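> Can you read through this structure? Questions will come right after.
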Amino acid sequence: MTRLCCSRFERAARKQGWTRIAGLDEAGRGALFGPVVAAAVILNSKRRIVGLDDSKQLAPERRTQLAERIRDHAVAWAVAEVDAQRIDAWNIYQASRQAMTAALQQLAIQPDYLLIDAMQLDVMIEQKSLIKGDARSVSIAAASILAKTHRDSRMEEWDTVYPQYGLARHKGYATPDHLEALRRHGASPLHRYSFAPVRDAGCWSTGAIQIALLPDPVAP
């Protein structure tokens, strides 16, 4: 059976004359804490990296191994962050696009063709948006792995600053223990206040139940 994640989109682009094909993806879009991280990767078409796939489908140890191989063997790669304050100001969709654009601009070699996971960028470069692209294109998969491993390492760093939230375990996502920590401790300066669970954690009336008052007794 043919692997879903393969290089057919890259091969198709090369047949059309494009030579510097970059994959782009983000990590942390649904998290409650910290930045959204994007990566851009131009793979070496002559140096295959075995095992590239959607980062969410890979074990953490495997992601780390593949990230090292990508950094060692890619023609060019870059990672960029957009912090929680800008996410709150812009919204997560626009913040993700800005992170991808920043990663693209940081590449040492500028691409002439982009493969992007379910998004379009306002840049003057030919591009193709792929739904579930991180599971279909090796270039997008490589970007997803770099973005995910970078963001996970940042969450481990912030866990030492805000140990009460358990960031090293859940990486800032809305797990039950993270939501409980928000309820008990409130949000940190690096939480995304535009996200409902964070916003609700600062509201004293969250979860309150209004009880109907009984009418005053009628005087005799």
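As shown in the structure tokens, the chain order sets the letters A, B, ...; within each chain, residues go from 1, and ligands are also counted from 1 in the order they appear.
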Using backbone DSSP assignments, extract all strand (DSSP E) residues from stretch 8-217 of chain A; output them as a PyMOL selection string.

chain A and resi 21-27+36-42+76-82+113-117+126-130

> Any idea what's packed within 8 Å of A:Gly23, counting only C-alpha atoms, ignoring anything in its chain fewer than 6 positions away? Could you give it as a list of chain:residue names?

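Here the qualifying residues turn out to be A:Ala40, A:Val41, A:Ile42, A:Leu114, A:Leu115, A:Ile116, A:Ser137, A:Val138, A:Ser139, A:Ile140, A:Ala141, A:Ala142, A:Ala143.
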
> Which residues, written as a list in words, have at least one atom at most 9 Å from stretch 159-171 of chain A, with only C-alpha atoms counted and residues fewer than 5 positions away on the same chain left out?

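Contacts, with the query itself left out: Gly28, Ala31, Phe33, Arg151, Asp152, Ser153, Arg154, Asp177, His178, Leu179, Glu180, Ala181, Leu182, His185 and Ser188 of chain A.
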
> Just want the 12 Å neighbourhood of A:Tyr193, counted on only C-alpha atoms, with same-chain residues fewer than 5 positions away dropped. Output as a PyMOL selection string.

chain A and resi 31-34+83-89+91-92+182+186-188+198-203

> Include N, CA and C atoms and write out the residues we just selected as a PDB file, in the first residue's frame.


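After the write, again-v4.pdb holds the following:
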```
ATOM      1  N   ALA A  31      -3.474  25.550  21.175  1.00  0.00           N
ATOM      2  CA  ALA A  31      -3.029  25.609  22.569  1.00  0.00           C
ATOM      3  C   ALA A  31      -3.587  26.849  23.273  1.00  0.00           C
ATOM      4  N   LEU A  32      -3.590  26.808  24.596  1.00  0.00           N
ATOM      5  CA  LEU A  32      -4.060  27.928  25.406  1.00  0.00           C
ATOM      6  C   LEU A  32      -2.919  28.814  25.883  1.00  0.00           C
ATOM      7  N   PHE A  33      -1.699  28.320  25.762  1.00  0.00           N
ATOM      8  CA  PHE A  33      -0.527  29.012  26.329  1.00  0.00           C
ATOM      9  C   PHE A  33       0.549  29.148  25.266  1.00  0.00           C
ATOM     10  N   GLY A  34       1.215  30.300  25.279  1.00  0.00           N
ATOM     11  CA  GLY A  34       2.432  30.469  24.507  1.00  0.00           C
ATOM     12  C   GLY A  34       2.233  30.746  23.032  1.00  0.00           C
ATOM     13  N   ASP A  83       3.868  35.451  19.379  1.00  0.00           N
ATOM     14  CA  ASP A  83       3.567  35.270  20.793  1.00  0.00           C
ATOM     15  C   ASP A  83       2.076  35.414  21.107  1.00  0.00           C
ATOM     16  N   ALA A  84       1.735  35.085  22.357  1.00  0.00           N
ATOM     17  CA  ALA A  84       0.332  35.061  22.781  1.00  0.00           C
ATOM     18  C   ALA A  84      -0.322  36.433  22.686  1.00  0.00           C
ATOM     19  N   GLN A  85       0.432  37.501  22.960  1.00  0.00           N
ATOM     20  CA  GLN A  85      -0.147  38.840  22.896  1.00  0.00           C
ATOM     21  C   GLN A  85      -0.587  39.182  21.471  1.00  0.00           C
ATOM     22  N   ARG A  86       0.224  38.807  20.499  1.00  0.00           N
ATOM     23  CA  ARG A  86      -0.153  39.079  19.110  1.00  0.00           C
ATOM     24  C   ARG A  86      -1.267  38.141  18.641  1.00  0.00           C
ATOM     25  N   ILE A  87      -1.295  36.929  19.175  1.00  0.00           N
ATOM     26  CA  ILE A  87      -2.418  36.035  18.872  1.00  0.00           C
ATOM     27  C   ILE A  87      -3.722  36.671  19.348  1.00  0.00           C
ATOM     28  N   ASP A  88      -3.699  37.211  20.561  1.00  0.00           N
ATOM     29  CA  ASP A  88      -4.893  37.863  21.105  1.00  0.00           C
ATOM     30  C   ASP A  88      -5.286  39.094  20.285  1.00  0.00           C
ATOM     31  N   ALA A  89      -4.292  39.798  19.776  1.00  0.00           N
ATOM     32  CA  ALA A  89      -4.575  41.024  19.022  1.00  0.00           C
ATOM     33  C   ALA A  89      -5.082  40.727  17.613  1.00  0.00           C
ATOM     34  N   ASN A  91      -5.945  37.321  16.210  1.00  0.00           N
ATOM     35  CA  ASN A  91      -6.659  36.044  16.130  1.00  0.00           C
ATOM     36  C   ASN A  91      -5.680  34.972  15.663  1.00  0.00           C
ATOM     37  N   ILE A  92      -5.972  33.730  15.996  1.00  0.00           N
ATOM     38  CA  ILE A  92      -5.005  32.650  15.803  1.00  0.00           C
ATOM     39  C   ILE A  92      -4.754  32.354  14.334  1.00  0.00           C
ATOM     40  N   LEU A 182      -5.692  26.293  35.591  1.00  0.00           N
ATOM     41  CA  LEU A 182      -6.202  27.632  35.289  1.00  0.00           C
ATOM     42  C   LEU A 182      -7.268  28.058  36.299  1.00  0.00           C
ATOM     43  N   GLY A 186      -5.474  30.821  38.040  1.00  0.00           N
ATOM     44  CA  GLY A 186      -5.676  31.902  37.081  1.00  0.00           C
ATOM     45  C   GLY A 186      -4.682  31.788  35.937  1.00  0.00           C
ATOM     46  N   ALA A 187      -4.745  32.702  35.007  1.00  0.00           N
ATOM     47  CA  ALA A 187      -3.889  32.657  33.828  1.00  0.00           C
ATOM     48  C   ALA A 187      -2.577  33.395  34.068  1.00  0.00           C
ATOM     49  N   SER A 188      -1.540  32.950  33.381  1.00  0.00           N
ATOM     50  CA  SER A 188      -0.241  33.620  33.413  1.00  0.00           C
ATOM     51  C   SER A 188      -0.203  34.713  32.343  1.00  0.00           C
ATOM     52  N   VAL A 198      -9.265  30.286  28.847  1.00  0.00           N
ATOM     53  CA  VAL A 198      -8.417  31.223  29.590  1.00  0.00           C
ATOM     54  C   VAL A 198      -9.249  32.399  30.068  1.00  0.00           C
ATOM     55  N   ARG A 199     -10.076  32.916  29.197  1.00  0.00           N
ATOM     56  CA  ARG A 199     -10.948  34.041  29.551  1.00  0.00           C
ATOM     57  C   ARG A 199     -11.876  33.659  30.697  1.00  0.00           C
ATOM     58  N   ASP A 200     -12.451  32.467  30.623  1.00  0.00           N
ATOM     59  CA  ASP A 200     -13.368  32.024  31.675  1.00  0.00           C
ATOM     60  C   ASP A 200     -12.657  31.824  33.006  1.00  0.00           C
ATOM     61  N   ALA A 201     -11.355  31.462  32.954  1.00  0.00           N
ATOM     62  CA  ALA A 201     -10.621  31.219  34.203  1.00  0.00           C
ATOM     63  C   ALA A 201     -10.490  32.491  35.034  1.00  0.00           C
ATOM     64  N   GLY A 202     -10.577  33.650  34.390  1.00  0.00           N
ATOM     65  CA  GLY A 202     -10.466  34.906  35.126  1.00  0.00           C
ATOM     66  C   GLY A 202     -11.793  35.487  35.529  1.00  0.00           C
ATOM     67  N   CYS A 203     -12.856  34.747  35.249  1.00  0.00           N
ATOM     68  CA  CYS A 203     -14.191  35.255  35.580  1.00  0.00           C
ATOM     69  C   CYS A 203     -14.693  34.595  36.861  1.00  0.00           C
TER      70      CYS A 203
END
```

> Need the shell around A:Gly17: protein/DNA/RNA residues with any atom at most 12 Å away, counting only C-alpha atoms. Skip same-chain ones fewer than 4 positions apart. Format as a compact mmCIF listing (two decimals) with N, CA and C atoms, in the first residue's frame?


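What follows is the written file part.txt:
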```txt
# COMPACT_ATOMS: atom_id res chain seq x y z
N GLU A 10 5.90 17.30 -4.52
CA GLU A 10 7.20 17.89 -4.84
C GLU A 10 7.63 17.49 -6.26
N ARG A 11 7.43 16.24 -6.62
CA ARG A 11 7.79 15.78 -7.96
C ARG A 11 6.96 16.49 -9.03
N ALA A 12 5.67 16.66 -8.74
CA ALA A 12 4.80 17.36 -9.69
C ALA A 12 5.25 18.80 -9.89
N ALA A 13 5.66 19.46 -8.81
CA ALA A 13 6.14 20.84 -8.93
C ALA A 13 7.43 20.91 -9.74
N ILE A 21 11.52 24.10 -3.59
CA ILE A 21 10.17 23.85 -3.09
C ILE A 21 10.20 23.80 -1.57
N ASP A 112 10.97 29.04 -4.73
CA ASP A 112 10.15 29.52 -5.84
C ASP A 112 8.79 28.84 -5.90
N TYR A 113 8.54 27.94 -4.93
CA TYR A 113 7.25 27.24 -4.89
C TYR A 113 6.99 26.82 -3.44
N GLU A 126 4.58 31.22 -6.14
CA GLU A 126 3.61 30.19 -6.51
C GLU A 126 3.41 29.24 -5.33
```

> Residues of chain A classed as alpha helix (DSSP H) by DSSP on the backbone are to be reported as a PyMOL selection string.

chain A and resi 8-15+60-73+84-90+92-106+138-161+167-170+176-185+196-201

> I'd like the neighbourhood of stretch 117-120 of chain A as a list in words, where a residue qualifies if any of its atoms comes within 7 Å (using only C-alpha atoms), though same-chain residues fewer than 5 positions away should be ignored.

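Contacts, with the query itself left out: Leu24, Asp25, Ser129, Leu130, Ile131, Lys132, Gly133, Asp134 and Ile140 of chain A.
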
> Give me, please, the distance in Å between atom CA of A:Pro60 and atom CA of A:Arg183, quoted to one decimal.

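About the pair atom CA of A:Pro60 and atom CA of A:Arg183: they are 28.6 Å apart.
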
> Kindly give the distance, in Å, that separates atom CA of A:Ile109 and atom CA of A:Leu58, rounded to a single decimal.

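Calculated distance between atom CA of A:Ile109 and atom CA of A:Leu58 is 28.1 Å.
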
> Tell me, in Å to one decimal, how far atom CA of A:Leu190 is from atom CA of A:Met100.

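Computing the Euclidean distance for atom CA of A:Leu190 and atom CA of A:Met100 yields 20.5 Å.
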
> Give me the residues near A:Ala78 as a PDB file with all heavy atoms, in the first residue's frame, where near means some atom within 6 Å (using only C-alpha atoms) and where sequence neighbours in that chain fewer than 3 positions away do not count.


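Everything below was put into selection-v5.pdb:
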```pdb
ATOM      1  N   ALA A  39       7.263  26.640  10.754  1.00  0.00           N
ATOM      2  CA  ALA A  39       8.548  26.282  10.160  1.00  0.00           C
ATOM      3  C   ALA A  39       8.419  26.230   8.646  1.00  0.00           C
ATOM      4  O   ALA A  39       7.343  25.948   8.112  1.00  0.00           O
ATOM      5  CB  ALA A  39       9.023  24.935  10.696  1.00  0.00           C
ATOM      6  N   ALA A  40       9.514  26.532   7.981  1.00  0.00           N
ATOM      7  CA  ALA A  40       9.614  26.413   6.531  1.00  0.00           C
ATOM      8  C   ALA A  40      10.832  25.552   6.229  1.00  0.00           C
ATOM      9  O   ALA A  40      11.901  25.744   6.833  1.00  0.00           O
ATOM     10  CB  ALA A  40       9.759  27.788   5.887  1.00  0.00           C
ATOM     11  N   ALA A 103       8.754  32.729   8.977  1.00  0.00           N
ATOM     12  CA  ALA A 103       9.650  31.592   8.750  1.00  0.00           C
ATOM     13  C   ALA A 103      10.137  31.586   7.306  1.00  0.00           C
ATOM     14  O   ALA A 103      11.320  31.342   7.032  1.00  0.00           O
ATOM     15  CB  ALA A 103       8.936  30.283   9.078  1.00  0.00           C
ATOM     16  N   GLN A 106      12.872  34.071   6.699  1.00  0.00           N
ATOM     17  CA  GLN A 106      14.141  33.761   7.365  1.00  0.00           C
ATOM     18  C   GLN A 106      14.942  32.675   6.660  1.00  0.00           C
ATOM     19  O   GLN A 106      16.086  32.403   7.043  1.00  0.00           O
ATOM     20  CB  GLN A 106      13.870  33.350   8.813  1.00  0.00           C
ATOM     21  CG  GLN A 106      13.377  34.476   9.694  1.00  0.00           C
ATOM     22  CD  GLN A 106      12.960  34.016  11.079  1.00  0.00           C
ATOM     23  OE1 GLN A 106      13.488  33.024  11.583  1.00  0.00           O
ATOM     24  NE2 GLN A 106      12.023  34.710  11.678  1.00  0.00           N
ATOM     25  N   LEU A 107      14.366  32.041   5.649  1.00  0.00           N
ATOM     26  CA  LEU A 107      15.109  31.002   4.921  1.00  0.00           C
ATOM     27  C   LEU A 107      16.349  31.597   4.263  1.00  0.00           C
ATOM     28  O   LEU A 107      16.296  32.664   3.648  1.00  0.00           O
ATOM     29  CB  LEU A 107      14.226  30.362   3.852  1.00  0.00           C
ATOM     30  CG  LEU A 107      13.139  29.395   4.333  1.00  0.00           C
ATOM     31  CD1 LEU A 107      12.241  29.000   3.167  1.00  0.00           C
ATOM     32  CD2 LEU A 107      13.756  28.158   4.974  1.00  0.00           C
TER      33      LEU A 107
END
```
